[in-house]
$ cat work.pdb   # PDB, C-alpha atoms
ATOM      1  CA  MET A 286     -72.082 -15.390   3.705
ATOM      2  CA  HIS A 287     -71.377 -12.711   6.281
ATOM      3  CA  GLY A 288     -73.545  -9.813   7.348
ATOM      4  CA  THR A 289     -74.933  -7.650  10.140
ATOM      5  CA  ALA A 290     -78.345  -6.734  11.445
ATOM      6  CA  GLN A 291     -78.243  -3.503   9.465
ATOM      7  CA  HIS A 292     -78.217  -5.024   5.987
ATOM      8  CA  PRO A 293     -78.758  -8.359   4.203
ATOM      9  CA  PRO A 294     -75.984 -10.976   4.304
ATOM     10  CA  LEU A 295     -73.000 -10.071   2.173
ATOM     11  CA  PRO A 296     -71.838 -12.418  -0.607
ATOM     12  CA  GLY A 297     -69.257 -15.116   0.016
ATOM     13  CA  ALA A 298     -67.431 -17.820  -1.931
ATOM     14  CA  ASP A 299     -70.691 -19.455  -3.022
ATOM     15  CA  SER A 300     -71.992 -16.232  -4.592
ATOM     16  CA  GLU A 301     -72.185 -15.136  -8.202
ATOM     17  CA  THR A 302     -70.347 -11.912  -7.344
ATOM     18  CA  TRP A 303     -67.320 -13.632  -5.821
ATOM     19  CA  ARG A 304     -67.164 -16.182  -8.634
ATOM     20  CA  ARG A 305     -66.935 -13.515 -11.317
ATOM     21  CA  PHE A 306     -65.782 -10.138 -10.007
ATOM     22  CA  GLY A 307     -62.149 -11.018  -9.257
ATOM     23  CA  LEU A 308     -61.317 -12.866 -12.478
ATOM     24  CA  ALA A 309     -57.990 -11.631 -13.828
ATOM     25  CA  PRO A 310     -59.204 -10.535 -17.313
ATOM     26  CA  GLY A 311     -61.364  -7.926 -15.620
ATOM     27  CA  LEU A 312     -58.209  -5.820 -15.518
ATOM     28  CA  PHE A 313     -58.756  -5.079 -19.211
ATOM     29  CA  LEU A 314     -62.214  -3.579 -18.550
ATOM     30  CA  ALA A 315     -61.374  -1.552 -15.456
ATOM     31  CA  GLY A 316     -60.928   1.530 -17.634
ATOM     32  CA  THR A 317     -64.514   1.313 -18.888
ATOM     33  CA  GLY A 318     -65.828   1.368 -15.337
ATOM     34  CA  LEU A 319     -63.649   4.342 -14.448
ATOM     35  CA  LEU A 320     -64.844   6.280 -17.488
ATOM     36  CA  LEU A 321     -68.489   5.552 -16.720
ATOM     37  CA  GLN A 322     -67.938   6.818 -13.197
ATOM     38  CA  VAL A 323     -66.132  10.067 -13.999
ATOM     39  CA  ALA A 324     -68.507  10.816 -16.887
ATOM     40  CA  HIS A 325     -71.184  11.411 -14.261
ATOM     41  CA  PRO A 326     -70.979  15.181 -13.697
ATOM     42  CA  VAL A 327     -70.919  14.911  -9.897
ATOM     43  CA  VAL A 328     -68.183  12.288  -9.879
ATOM     44  CA  GLY A 329     -66.193  14.005 -12.602
ATOM     45  CA  ALA A 330     -66.207  17.333 -10.762
ATOM     46  CA  GLY A 331     -65.158  15.679  -7.509
ATOM     47  CA  VAL A 332     -62.289  13.824  -9.172
ATOM     48  CA  LEU A 333     -61.124  16.923 -11.029
ATOM     49  CA  GLU A 334     -61.074  19.199  -7.992
ATOM     50  CA  HIS A 335     -60.350  16.849  -5.081
ATOM     51  CA  SER A 336     -58.419  13.857  -6.425
ATOM     52  CA  ASP A 337     -54.742  13.315  -7.205
ATOM     53  CA  PHE A 338     -55.581  10.902 -10.046
ATOM     54  CA  LYS A 339     -54.001  13.041 -12.764
ATOM     55  CA  ASN A 340     -50.660  13.377 -10.957
ATOM     56  CA  ALA A 341     -50.542   9.945  -9.325
ATOM     57  CA  PRO A 342     -52.827   7.577 -11.293
ATOM     58  CA  TRP A 343     -51.203   4.358 -10.069
ATOM     59  CA  LYS A 344     -51.559   5.356  -6.415
ATOM     60  CA  ARG A 345     -55.208   6.220  -6.990
ATOM     61  CA  LEU A 346     -55.901   2.994  -8.860
ATOM     62  CA  VAL A 347     -54.233   0.829  -6.207
ATOM     63  CA  ASN A 348     -56.147   2.549  -3.403
ATOM     64  CA  THR A 349     -59.408   2.154  -5.316
ATOM     65  CA  HIS A 350     -58.708  -1.532  -5.948
ATOM     66  CA  LEU A 351     -57.941  -2.182  -2.280
ATOM     67  CA  SER A 352     -61.127  -0.399  -1.276
ATOM     68  CA  THR A 353     -63.132  -2.522  -3.702
ATOM     69  CA  MET A 354     -61.593  -5.721  -2.366
ATOM     70  CA  ARG A 355     -62.665  -4.725   1.147
ATOM     71  CA  PHE A 356     -66.326  -4.305   0.343
ATOM     72  CA  ILE A 357     -66.645  -6.966  -2.369
ATOM     73  CA  TYR A 358     -64.483  -9.740  -0.911
ATOM     74  CA  GLY A 359     -64.518  -8.739   2.740
ATOM     75  CA  MET A 360     -60.784  -8.076   2.896
ATOM     76  CA  ARG A 361     -59.979  -6.637   6.329
ATOM     77  CA  PRO A 362     -61.347  -4.526   7.894
ATOM     78  CA  GLY A 363     -64.413  -5.549   5.854
ATOM     79  CA  ALA A 364     -67.341  -4.014   4.018
ATOM     80  CA  ASP A 365     -68.998  -2.179   6.905
ATOM     81  CA  ALA A 366     -65.787  -0.532   8.053
ATOM     82  CA  GLU A 367     -64.926   0.388   4.475
ATOM     83  CA  GLY A 368     -68.399   1.809   3.964
ATOM     84  CA  SER A 369     -67.944   4.062   6.994
ATOM     85  CA  ARG A 370     -64.475   5.106   5.843
ATOM     86  CA  LEU A 371     -65.700   6.001   2.360
ATOM     87  CA  TRP A 372     -68.615   7.975   3.781
ATOM     88  CA  GLU A 373     -66.286  10.020   5.971
ATOM     89  CA  LEU A 374     -63.820  10.468   3.106
ATOM     90  CA  HIS A 375     -66.451  11.788   0.719
ATOM     91  CA  LYS A 376     -68.574  13.950   3.022
ATOM     92  CA  ASP A 377     -66.363  17.012   2.519
ATOM     93  CA  ILE A 378     -65.939  16.563  -1.235
ATOM     94  CA  LYS A 379     -68.261  19.253  -2.559
ATOM     95  CA  GLY A 380     -68.177  22.496  -4.467
ATOM     96  CA  VAL A 381     -69.312  24.153  -7.677
ATOM     97  CA  ASP A 382     -68.272  22.719 -11.027
ATOM     98  CA  GLY A 383     -67.147  24.601 -14.148
ATOM     99  CA  ARG A 384     -70.764  25.069 -15.264
ATOM    100  CA  GLY A 385     -71.811  26.621 -11.978
ATOM    101  CA  ARG A 386     -73.572  23.477 -10.726
ATOM    102  CA  ARG A 387     -73.257  22.529  -7.082
ATOM    103  CA  TYR A 388     -72.065  19.003  -6.397
ATOM    104  CA  HIS A 389     -71.490  16.735  -3.418
ATOM    105  CA  ALA A 390     -69.747  13.374  -3.566
ATOM    106  CA  LEU A 391     -72.432  11.814  -1.355
ATOM    107  CA  ASN A 392     -75.201  12.744  -3.772
ATOM    108  CA  PRO A 393     -77.255   9.510  -3.646
ATOM    109  CA  ASP A 394     -77.676   9.290  -7.419
ATOM    110  CA  ALA A 395     -73.924   9.666  -8.048
ATOM    111  CA  TYR A 396     -72.957   7.357  -5.179
ATOM    112  CA  ALA A 397     -75.357   4.677  -6.423
ATOM    113  CA  TRP A 398     -74.102   5.159  -9.982
ATOM    114  CA  VAL A 399     -70.505   4.423  -8.985
ATOM    115  CA  HIS A 400     -71.681   1.273  -7.202
ATOM    116  CA  PHE A 401     -73.773   0.191 -10.180
ATOM    117  CA  THR A 402     -70.843   0.502 -12.595
ATOM    118  CA  LEU A 403     -69.088  -2.291 -10.689
ATOM    119  CA  ALA A 404     -72.029  -4.608 -11.312
ATOM    120  CA  GLN A 405     -72.125  -3.608 -14.987
ATOM    121  CA  PHE A 406     -68.407  -4.365 -15.107
ATOM    122  CA  VAL A 407     -69.136  -7.965 -14.027
ATOM    123  CA  VAL A 408     -71.676  -8.448 -16.826
ATOM    124  CA  ASP A 409     -69.514  -6.806 -19.498
ATOM    125  CA  THR A 410     -66.420  -8.795 -18.502
ATOM    126  CA  ALA A 411     -68.325 -12.074 -18.639
ATOM    127  CA  GLU A 412     -69.739 -11.248 -22.076
ATOM    128  CA  LEU A 413     -66.457 -10.120 -23.625
ATOM    129  CA  PHE A 414     -64.447 -13.100 -22.448
ATOM    130  CA  GLY A 415     -66.894 -15.760 -23.533
ATOM    131  CA  ASP A 416     -68.785 -16.678 -20.354
ATOM    132  CA  PRO A 417     -71.982 -14.614 -20.596
ATOM    133  CA  MET A 418     -74.280 -14.607 -17.600
ATOM    134  CA  THR A 419     -77.767 -16.039 -17.721
ATOM    135  CA  PRO A 420     -80.678 -13.812 -16.615
ATOM    136  CA  ALA A 421     -80.896 -15.762 -13.347
ATOM    137  CA  GLU A 422     -77.161 -15.349 -12.672
ATOM    138  CA  THR A 423     -77.318 -11.637 -13.443
ATOM    139  CA  GLU A 424     -80.278 -11.115 -11.122
ATOM    140  CA  ARG A 425     -78.543 -13.066  -8.347
ATOM    141  CA  MET A 426     -75.417 -10.954  -8.766
ATOM    142  CA  TRP A 427     -77.383  -7.702  -8.663
ATOM    143  CA  GLN A 428     -79.186  -8.658  -5.462
ATOM    144  CA  GLU A 429     -75.770  -9.410  -3.941
ATOM    145  CA  PHE A 430     -74.611  -5.973  -5.059
ATOM    146  CA  ARG A 431     -77.648  -4.429  -3.425
ATOM    147  CA  ALA A 432     -76.581  -6.035  -0.152
ATOM    148  CA  ILE A 433     -73.074  -4.639  -0.613
ATOM    149  CA  GLY A 434     -74.603  -1.249  -1.351
ATOM    150  CA  ARG A 435     -76.399  -1.320   1.996
ATOM    151  CA  ALA A 436     -73.032  -1.944   3.694
ATOM    152  CA  LEU A 437     -71.746   1.133   1.850
ATOM    153  CA  GLN A 438     -74.627   3.121   3.427
ATOM    154  CA  LEU A 439     -76.783   3.342   0.314
ATOM    155  CA  LYS A 440     -80.517   3.103   0.976
ATOM    156  CA  GLU A 441     -82.724   0.459  -0.617
ATOM    157  CA  HIS A 442     -84.559   3.046  -2.719
ATOM    158  CA  HIS A 443     -81.293   4.425  -4.092
ATOM    159  CA  MET A 444     -80.665   1.165  -5.974
ATOM    160  CA  PRO A 445     -82.960  -0.328  -8.640
ATOM    161  CA  ALA A 446     -84.949  -3.249  -7.268
ATOM    162  CA  ASP A 447     -83.952  -5.698 -10.013
ATOM    163  CA  TRP A 448     -81.530  -5.967 -12.914
ATOM    164  CA  ALA A 449     -84.130  -5.087 -15.543
ATOM    165  CA  SER A 450     -84.843  -1.824 -13.706
ATOM    166  CA  ALA A 451     -81.104  -1.246 -13.310
ATOM    167  CA  GLN A 452     -80.657  -1.491 -17.062
ATOM    168  CA  VAL A 453     -83.436   1.026 -17.696
ATOM    169  CA  TRP A 454     -81.718   3.379 -15.238
ATOM    170  CA  PHE A 455     -78.344   2.722 -16.860
ATOM    171  CA  ARG A 456     -79.613   3.666 -20.314
ATOM    172  CA  ASP A 457     -81.293   6.785 -18.930
ATOM    173  CA  VAL A 458     -78.137   7.970 -17.129
ATOM    174  CA  VAL A 459     -75.986   7.309 -20.201
ATOM    175  CA  ARG A 460     -78.402   9.156 -22.466
ATOM    176  CA  ASN A 461     -79.232  12.113 -20.241
ATOM    177  CA  ARG A 462     -76.533  12.555 -17.593
ATOM    178  CA  LEU A 463     -73.087  11.400 -18.695
ATOM    179  CA  GLU A 464     -70.737  14.020 -20.099
ATOM    180  CA  ALA A 465     -67.390  14.221 -21.858
ATOM    181  CA  THR A 466     -65.299  16.216 -19.383
ATOM    182  CA  GLU A 467     -61.706  16.900 -18.482
ATOM    183  CA  SER A 468     -61.918  13.968 -16.068
ATOM    184  CA  THR A 469     -62.969  11.507 -18.786
ATOM    185  CA  TYR A 470     -60.085  12.561 -21.015
ATOM    186  CA  ASP A 471     -57.640  12.360 -18.086
ATOM    187  CA  VAL A 472     -58.716   8.773 -17.407
ATOM    188  CA  LEU A 473     -58.491   7.772 -21.055
ATOM    189  CA  GLU A 474     -55.042   9.327 -21.387
ATOM    190  CA  SER A 475     -53.753   7.581 -18.263
ATOM    191  CA  ILE A 476     -54.907   4.144 -19.340
ATOM    192  CA  SER A 477     -53.857   4.606 -22.979
ATOM    193  CA  ASP A 478     -50.298   5.607 -22.134
ATOM    194  CA  PRO A 479     -49.765   4.493 -18.517
ATOM    195  CA  PRO A 480     -46.897   6.221 -16.736
ATOM    196  CA  ARG A 481     -44.276   4.290 -14.832
ATOM    197  CA  PRO A 482     -45.674   2.999 -11.518
ATOM    198  CA  TYR A 483     -42.401   3.945  -9.798
ATOM    199  CA  ARG A 484     -39.748   6.463 -10.780
ATOM    200  CA  TRP A 485     -36.956   3.939 -10.163
ATOM    201  CA  ILE A 486     -38.206   1.812 -13.094
ATOM    202  CA  PRO A 487     -36.104   2.818 -16.139
ATOM    203  CA  ARG A 488     -38.093   4.311 -19.008
ATOM    204  CA  LEU A 489     -36.411   1.924 -21.464
ATOM    205  CA  LEU A 490     -37.616  -1.017 -19.380
ATOM    206  CA  TRP A 491     -41.162   0.297 -18.901
ATOM    207  CA  ALA A 492     -41.870   1.328 -22.506
ATOM    208  CA  PRO A 493     -41.980  -2.225 -23.994
ATOM    209  CA  ILE A 494     -44.489  -3.181 -21.267
ATOM    210  CA  GLY A 495     -46.536  -0.047 -20.714
ATOM    211  CA  ARG A 496     -47.178   0.962 -24.310
ATOM    212  CA  PRO A 497     -48.515  -2.388 -25.612
ATOM    213  CA  PHE A 498     -50.600  -2.826 -22.469
ATOM    214  CA  GLY A 499     -51.937   0.707 -22.883
ATOM    215  CA  ARG A 500     -52.964   0.027 -26.478
ATOM    216  CA  ILE A 501     -54.868  -3.078 -25.419
ATOM    217  CA  VAL A 502     -56.636  -1.345 -22.535
ATOM    218  CA  ARG A 503     -57.520   1.603 -24.763
ATOM    219  CA  MET A 504     -59.080  -0.845 -27.225
ATOM    220  CA  THR A 505     -61.095  -2.704 -24.566
ATOM    221  CA  THR A 506     -62.143   0.549 -22.901
ATOM    222  CA  ILE A 507     -63.362   2.336 -26.027
ATOM    223  CA  GLY A 508     -64.901  -0.843 -27.427
ATOM    224  CA  THR A 509     -66.994  -1.634 -24.348
ATOM    225  CA  MET A 510     -68.167   1.850 -23.379
ATOM    226  CA  PRO A 511     -71.711   2.875 -24.376
ATOM    227  CA  PRO A 512     -71.745   4.193 -27.972
ATOM    228  CA  GLU A 513     -73.404   7.449 -26.825
ATOM    229  CA  LEU A 514     -70.508   8.248 -24.488
ATOM    230  CA  ARG A 515     -67.999   7.241 -27.149
ATOM    231  CA  GLU A 516     -69.575   9.712 -29.557
ATOM    232  CA  ARG A 517     -69.647  12.494 -26.958
ATOM    233  CA  MET A 518     -65.928  12.023 -26.422
ATOM    234  CA  GLY A 519     -65.308  12.127 -30.177
ATOM    235  CA  LEU A 520     -63.856   8.614 -30.237
ATOM    236  CA  GLN A 521     -63.919   6.583 -33.441
ATOM    237  CA  TRP A 522     -64.822   2.888 -33.457
ATOM    238  CA  SER A 523     -64.862   0.845 -36.661
ATOM    239  CA  ALA A 524     -66.156  -2.601 -37.572
ATOM    240  CA  GLN A 525     -62.542  -3.732 -37.902
ATOM    241  CA  GLN A 526     -61.793  -2.585 -34.356
ATOM    242  CA  GLU A 527     -64.889  -4.403 -33.137
ATOM    243  CA  ARG A 528     -63.713  -7.653 -34.758
ATOM    244  CA  ARG A 529     -60.265  -7.197 -33.213
ATOM    245  CA  LEU A 530     -61.834  -6.692 -29.779
ATOM    246  CA  ARG A 531     -63.952  -9.825 -30.114
ATOM    247  CA  ARG A 532     -60.947 -11.903 -31.219
ATOM    248  CA  PHE A 533     -59.015 -10.644 -28.213
ATOM    249  CA  GLY A 534     -61.926 -11.574 -25.938
ATOM    250  CA  ARG A 535     -62.116 -15.099 -27.326
ATOM    251  CA  LEU A 536     -58.346 -15.572 -27.011
ATOM    252  CA  VAL A 537     -58.114 -14.356 -23.414
ATOM    253  CA  GLY A 538     -61.300 -16.163 -22.397
ATOM    254  CA  GLY A 539     -60.021 -19.439 -23.847
ATOM    255  CA  MET A 540     -56.706 -19.051 -22.050
ATOM    256  CA  LEU A 541     -58.511 -18.310 -18.784
ATOM    257  CA  ARG A 542     -60.675 -21.413 -18.961
ATOM    258  CA  ALA A 543     -57.612 -23.585 -19.656
ATOM    259  CA  LEU A 544     -56.038 -22.538 -16.348
ATOM    260  CA  PRO A 545     -56.635 -24.268 -12.994
ATOM    261  CA  TRP A 546     -59.356 -22.269 -11.277
ATOM    262  CA  PRO A 547     -57.133 -20.656  -8.580
ATOM    263  CA  LEU A 548     -54.942 -19.106 -11.287
ATOM    264  CA  ARG A 549     -57.938 -17.356 -12.843
ATOM    265  CA  TYR A 550     -58.265 -14.845 -10.009
ATOM    266  CA  THR A 551     -56.407 -11.711  -8.976
ATOM    267  CA  PRO A 552     -54.017 -11.957  -6.000
ATOM    268  CA  PHE A 553     -56.381 -10.199  -3.580
ATOM    269  CA  ALA A 554     -59.531 -12.094  -4.585
ATOM    270  CA  LEU A 555     -58.068 -15.614  -4.387
ATOM    271  CA  PRO A 556     -57.158 -15.641  -0.651
ATOM    272  CA  ALA A 557     -60.642 -14.398   0.252
ATOM    273  CA  ILE A 558     -62.279 -17.107  -1.863
ATOM    274  CA  LEU A 559     -60.099 -19.869  -0.406
ATOM    275  CA  ARG A 560     -60.674 -18.630   3.147
ATOM    276  CA  ASP A 561     -64.447 -18.539   2.722
ATOM    277  CA  LYS A 562     -64.503 -21.949   1.025
ATOM    278  CA  ARG A 563     -62.764 -23.369   4.103
ATOM    279  CA  ARG A 564     -65.324 -21.679   6.335
ATOM    280  CA  ILE A 565     -68.202 -23.131   4.321
ATOM    281  CA  ALA A 566     -66.655 -26.612   4.334
ATOM    282  CA  ALA A 567     -66.071 -26.472   8.100
ATOM    283  CA  SER A 568     -69.710 -25.534   8.733
ATOM    284  CA  ARG A 569     -71.175 -28.407   6.710
ATOM    285  CA  PRO A 570     -70.869 -31.160   9.386
ATOM    286  CA  ALA A 571     -72.706 -28.910  11.834
ATOM    287  CA  ARG A 572     -75.410 -28.256   9.255
ATOM    288  CA  LEU A 573     -75.818 -31.966   8.576
ATOM    289  CA  ALA A 574     -75.961 -32.759  12.280
ATOM    290  CA  GLY A 575     -78.610 -30.131  12.767
ATOM    291  CA  ALA A 576     -80.650 -31.509   9.882
ATOM    292  CA  GLY A 577     -80.601 -35.032  11.298
ATOM    293  CA  ALA A 578     -81.463 -34.041  14.857
TER     294      ALA A 578
END

$ encode --input "work.pdb" --output "structure tokens"
Amino acid sequence: MHGTAQHPPLPGADSETWRRFGLAPGLFLAGTGLLLQVAHPVVGAGVLEHSDFKNAPWKRLVNTHLSTMRFIYGMRPGADAEGSRLWELHKDIKGVDGRGRRYHALNPDAYAWVHFTLAQFVVDTAELFGDPMTPAETERMWQEFRAIGRALQLKEHHMPADWASAQVWFRDVVRNRLEATESTYDVLESISDPPRPYRWIPRLLWAPIGRPFGRIVRMTTIGTMPPELRERMGLQWSAQQERRLRRFGRLVGGMLRALPWPLRYTPFALPAILRDKRRIAASRPARLAGAGA
């Protein structure tokens, strides 16, 4: 693990977070996390008025993914530098939303909510694809996320102390704070019918890829979002759709577990894991020598 004097050690290759966050099937649940984030009125207003997501969704998604890899997996320049960059980036994102409410992107509740959704994403991904986390694993992961949150300049009291408290907070925010807004519908539209990543890709070539992928991601997104938010957005979800989602989860989860472990991870997560595994292995002789002295 790596860390500084300002916050607890950050997770490394031996952590629950690193083992689970970067698994490739998580791509199918990324939309749920995005919707949970922008459904928060502060986040939604900031995205609507200060983000280019609607006009350039792929650019925004790639930048967000790279940012996440920096503070989760320590991709250069690392979590502390990324935390400082994000703080500077968001300090001027403020205004008054369509209901006359003032908002600021660094509102501690909203900032902590965005961070929490990434931890919820880990739990939901594990459950859908057939490798549910035990209570001990979930608690370990959340404490690792609290350390990451400190690197992102969140205070201890801004984050629930344990996973049980985090779930109480989650249910309260979903019930009393999340809203169906223009931002939530923009996100759902973008993931349901993803535009071409680059203009030079012919439409006839993109359509057979983008449309089926969009249908799958729409299914996984709507199926794994909290029912209260689904209802607020006027989205239908039937028992048949639920069965289809669970079959898809079992199929993808089975395929994942049949692969050699390095092939289970996204391209940015794997190098970080391999690099930290080498670091851990190299430090073991020194540890053993110290123990025997």

$ closest_atom_pairs --input "work.pdb" --of "stretch 350-451 of chain A" --to "stretch 509-523 of chain A" --cutoff "12 Å" --atoms "all atoms listed in the file" --output "tab-separated table"
residue	atom	partner	partner_atom	distance
A:Thr402	CA	A:Met510	CA	11.2
A:Gln405	CA	A:Met510	CA	10.8
A:Phe406	CA	A:Thr509	CA	9.7
A:Val408	CA	A:Thr509	CA	11.2
A:Asp409	CA	A:Thr509	CA	7.5
A:Thr410	CA	A:Thr509	CA	9.3
A:Ala411	CA	A:Thr509	CA	12.0
A:Glu412	CA	A:Thr509	CA	10.3
A:Leu413	CA	A:Thr509	CA	8.5
A:Phe414	CA	A:Thr509	CA	11.9

$ atom_distance --input "work.pdb" --atom1 "atom CA of A:Ala298" --atom2 "atom CA of A:Ile558"
5.2 Å

$ residues_around --input "work.pdb" --residues "A:Glu367" --least-positions-apart "3" --cutoff "8 Å" --atoms "all atoms listed in the file" --output "MDAnalysis selection string"
chainID A and resid 352 355:356 362:364 370:371 437

$ atom_distance --input "work.pdb" --atom1 "atom CA of A:Ser477" --atom2 "atom CA of A:Arg500"
5.8 Å

$ closest_atom_pairs --input "work.pdb" --of "stretch 438-482 of chain A" --to "stretch 378-383 of chain A" --cutoff "12 Å" --atoms "only C-alpha atoms" --output "Markdown table"
| residue | atom | partner | partner_atom | distance |
| --- | --- | --- | --- | --- |
| A:Thr466 | CA | A:Gly383 | CA | 10.1 |
| A:Glu467 | CA | A:Gly383 | CA | 10.4 |
| A:Ser468 | CA | A:Asp382 | CA | 11.9 |

$ resolve_selection --input "work.pdb" --expression "the PyMOL selection byres ((chain A and resi 425-428) around 8)" --output "MDAnalysis selection string"
chainID A and resid 300:302 404 421:424 429:432 447:448

$ closest_residue --input "work.pdb" --among "A:Arg549, A:Arg345, A:His443, A:His375" --to "A:Gly331" --atoms "all atoms listed in the file"
A:His375

$ atom_distance --input "work.pdb" --atom1 "atom CA of A:Ala315" --atom2 "atom CA of A:Trp303"
16.6 Å

$ residues_around --input "work.pdb" --residues "A:Thr551" --least-positions-apart "4" --cutoff "8 Å" --atoms "all atoms listed in the file" --output "PyMOL selection string"
chain A and resi 307-309+555

$ resolve_selection --input "work.pdb" --expression "the PyMOL selection byres ((chain A and resi 539) around 12)" --output "PDB file with C-alpha atoms, in the coordinates of the input"
ATOM      1  CA  PRO A 310     -59.204 -10.535 -17.313  1.00  0.00           C
ATOM      2  CA  LEU A 413     -66.457 -10.120 -23.625  1.00  0.00           C
ATOM      3  CA  PHE A 414     -64.447 -13.100 -22.448  1.00  0.00           C
ATOM      4  CA  GLY A 415     -66.894 -15.760 -23.533  1.00  0.00           C
ATOM      5  CA  ASP A 416     -68.785 -16.678 -20.354  1.00  0.00           C
ATOM      6  CA  ARG A 532     -60.947 -11.903 -31.219  1.00  0.00           C
ATOM      7  CA  PHE A 533     -59.015 -10.644 -28.213  1.00  0.00           C
ATOM      8  CA  GLY A 534     -61.926 -11.574 -25.938  1.00  0.00           C
ATOM      9  CA  ARG A 535     -62.116 -15.099 -27.326  1.00  0.00           C
ATOM     10  CA  LEU A 536     -58.346 -15.572 -27.011  1.00  0.00           C
ATOM     11  CA  VAL A 537     -58.114 -14.356 -23.414  1.00  0.00           C
ATOM     12  CA  GLY A 538     -61.300 -16.163 -22.397  1.00  0.00           C
ATOM     13  CA  MET A 540     -56.706 -19.051 -22.050  1.00  0.00           C
ATOM     14  CA  LEU A 541     -58.511 -18.310 -18.784  1.00  0.00           C
ATOM     15  CA  ARG A 542     -60.675 -21.413 -18.961  1.00  0.00           C
ATOM     16  CA  ALA A 543     -57.612 -23.585 -19.656  1.00  0.00           C
ATOM     17  CA  LEU A 544     -56.038 -22.538 -16.348  1.00  0.00           C
ATOM     18  CA  ARG A 549     -57.938 -17.356 -12.843  1.00  0.00           C
TER      19      ARG A 549
END

$ closest_residue --input "work.pdb" --among "A:Ile494, A:Ala557, A:Leu530, A:Met504" --to "A:Arg361" --atoms "all atoms listed in the file"
A:Ala557

$ closest_atom_pairs --input "work.pdb" --of "stretch 394-449 of chain A" --to "stretch 320-323 of chain A" --cutoff "12 Å" --atoms "all atoms listed in the file" --output "Markdown table"
| residue | atom | partner | partner_atom | distance |
| --- | --- | --- | --- | --- |
| A:Asp394 | CA | A:Gln322 | CA | 11.6 |
| A:Ala395 | CA | A:Gln322 | CA | 8.4 |
| A:Tyr396 | CA | A:Gln322 | CA | 9.5 |
| A:Ala397 | CA | A:Gln322 | CA | 10.3 |
| A:Trp398 | CA | A:Gln322 | CA | 7.1 |
| A:Val399 | CA | A:Gln322 | CA | 5.5 |
| A:His400 | CA | A:Gln322 | CA | 9.0 |
| A:Phe401 | CA | A:Gln322 | CA | 9.3 |
| A:Thr402 | CA | A:Leu321 | CA | 6.9 |
| A:Leu403 | CA | A:Gln322 | CA | 9.5 |
| A:Gln405 | CA | A:Leu321 | CA | 10.0 |
| A:Phe406 | CA | A:Leu321 | CA | 10.0 |

$ write_last_selection --input "work.pdb" --atoms "C-alpha atoms" --output "PDB file, in the frame of the given file"
ATOM      1  CA  ASP A 394     -77.676   9.290  -7.419  1.00  0.00           C
ATOM      2  CA  ALA A 395     -73.924   9.666  -8.048  1.00  0.00           C
ATOM      3  CA  TYR A 396     -72.957   7.357  -5.179  1.00  0.00           C
ATOM      4  CA  ALA A 397     -75.357   4.677  -6.423  1.00  0.00           C
ATOM      5  CA  TRP A 398     -74.102   5.159  -9.982  1.00  0.00           C
ATOM      6  CA  VAL A 399     -70.505   4.423  -8.985  1.00  0.00           C
ATOM      7  CA  HIS A 400     -71.681   1.273  -7.202  1.00  0.00           C
ATOM      8  CA  PHE A 401     -73.773   0.191 -10.180  1.00  0.00           C
ATOM      9  CA  THR A 402     -70.843   0.502 -12.595  1.00  0.00           C
ATOM     10  CA  LEU A 403     -69.088  -2.291 -10.689  1.00  0.00           C
ATOM     11  CA  GLN A 405     -72.125  -3.608 -14.987  1.00  0.00           C
ATOM     12  CA  PHE A 406     -68.407  -4.365 -15.107  1.00  0.00           C
TER      13      PHE A 406
END

$ axis_aligned_box --input "work.pdb" --around "stretch 355-374 of chain A" --padding-each-side "5 Å" --output "JSON"
{"center_x": -64.5, "center_y": 0.4, "center_z": 2.8, "size_x": 19.0, "size_y": 30.2, "size_z": 20.4}

$ resolve_selection --input "work.pdb" --expression "the PyMOL selection byres ((chain A and resi 496) around 12)" --output "MDAnalysis selection string"
chainID A and resid 474:481 488:495 497:503

$ write_last_selection --input "work.pdb" --atoms "C-alpha atoms" --output "mmCIF file, in the frame of the given file"
data_model
loop_
_atom_site.group_PDB
_atom_site.id
_atom_site.type_symbol
_atom_site.label_atom_id
_atom_site.label_comp_id
_atom_site.auth_asym_id
_atom_site.auth_seq_id
_atom_site.Cartn_x
_atom_site.Cartn_y
_atom_site.Cartn_z
ATOM 1 C CA GLU A 474 -55.042 9.327 -21.387
ATOM 2 C CA SER A 475 -53.753 7.581 -18.263
ATOM 3 C CA ILE A 476 -54.907 4.144 -19.340
ATOM 4 C CA SER A 477 -53.857 4.606 -22.979
ATOM 5 C CA ASP A 478 -50.298 5.607 -22.134
ATOM 6 C CA PRO A 479 -49.765 4.493 -18.517
ATOM 7 C CA PRO A 480 -46.897 6.221 -16.736
ATOM 8 C CA ARG A 481 -44.276 4.290 -14.832
ATOM 9 C CA ARG A 488 -38.093 4.311 -19.008
ATOM 10 C CA LEU A 489 -36.411 1.924 -21.464
ATOM 11 C CA LEU A 490 -37.616 -1.017 -19.380
ATOM 12 C CA TRP A 491 -41.162 0.297 -18.901
ATOM 13 C CA ALA A 492 -41.870 1.328 -22.506
ATOM 14 C CA PRO A 493 -41.980 -2.225 -23.994
ATOM 15 C CA ILE A 494 -44.489 -3.181 -21.267
ATOM 16 C CA GLY A 495 -46.536 -0.047 -20.714
ATOM 17 C CA PRO A 497 -48.515 -2.388 -25.612
ATOM 18 C CA PHE A 498 -50.600 -2.826 -22.469
ATOM 19 C CA GLY A 499 -51.937 0.707 -22.883
ATOM 20 C CA ARG A 500 -52.964 0.027 -26.478
ATOM 21 C CA ILE A 501 -54.868 -3.078 -25.419
ATOM 22 C CA VAL A 502 -56.636 -1.345 -22.535
ATOM 23 C CA ARG A 503 -57.520 1.603 -24.763
#
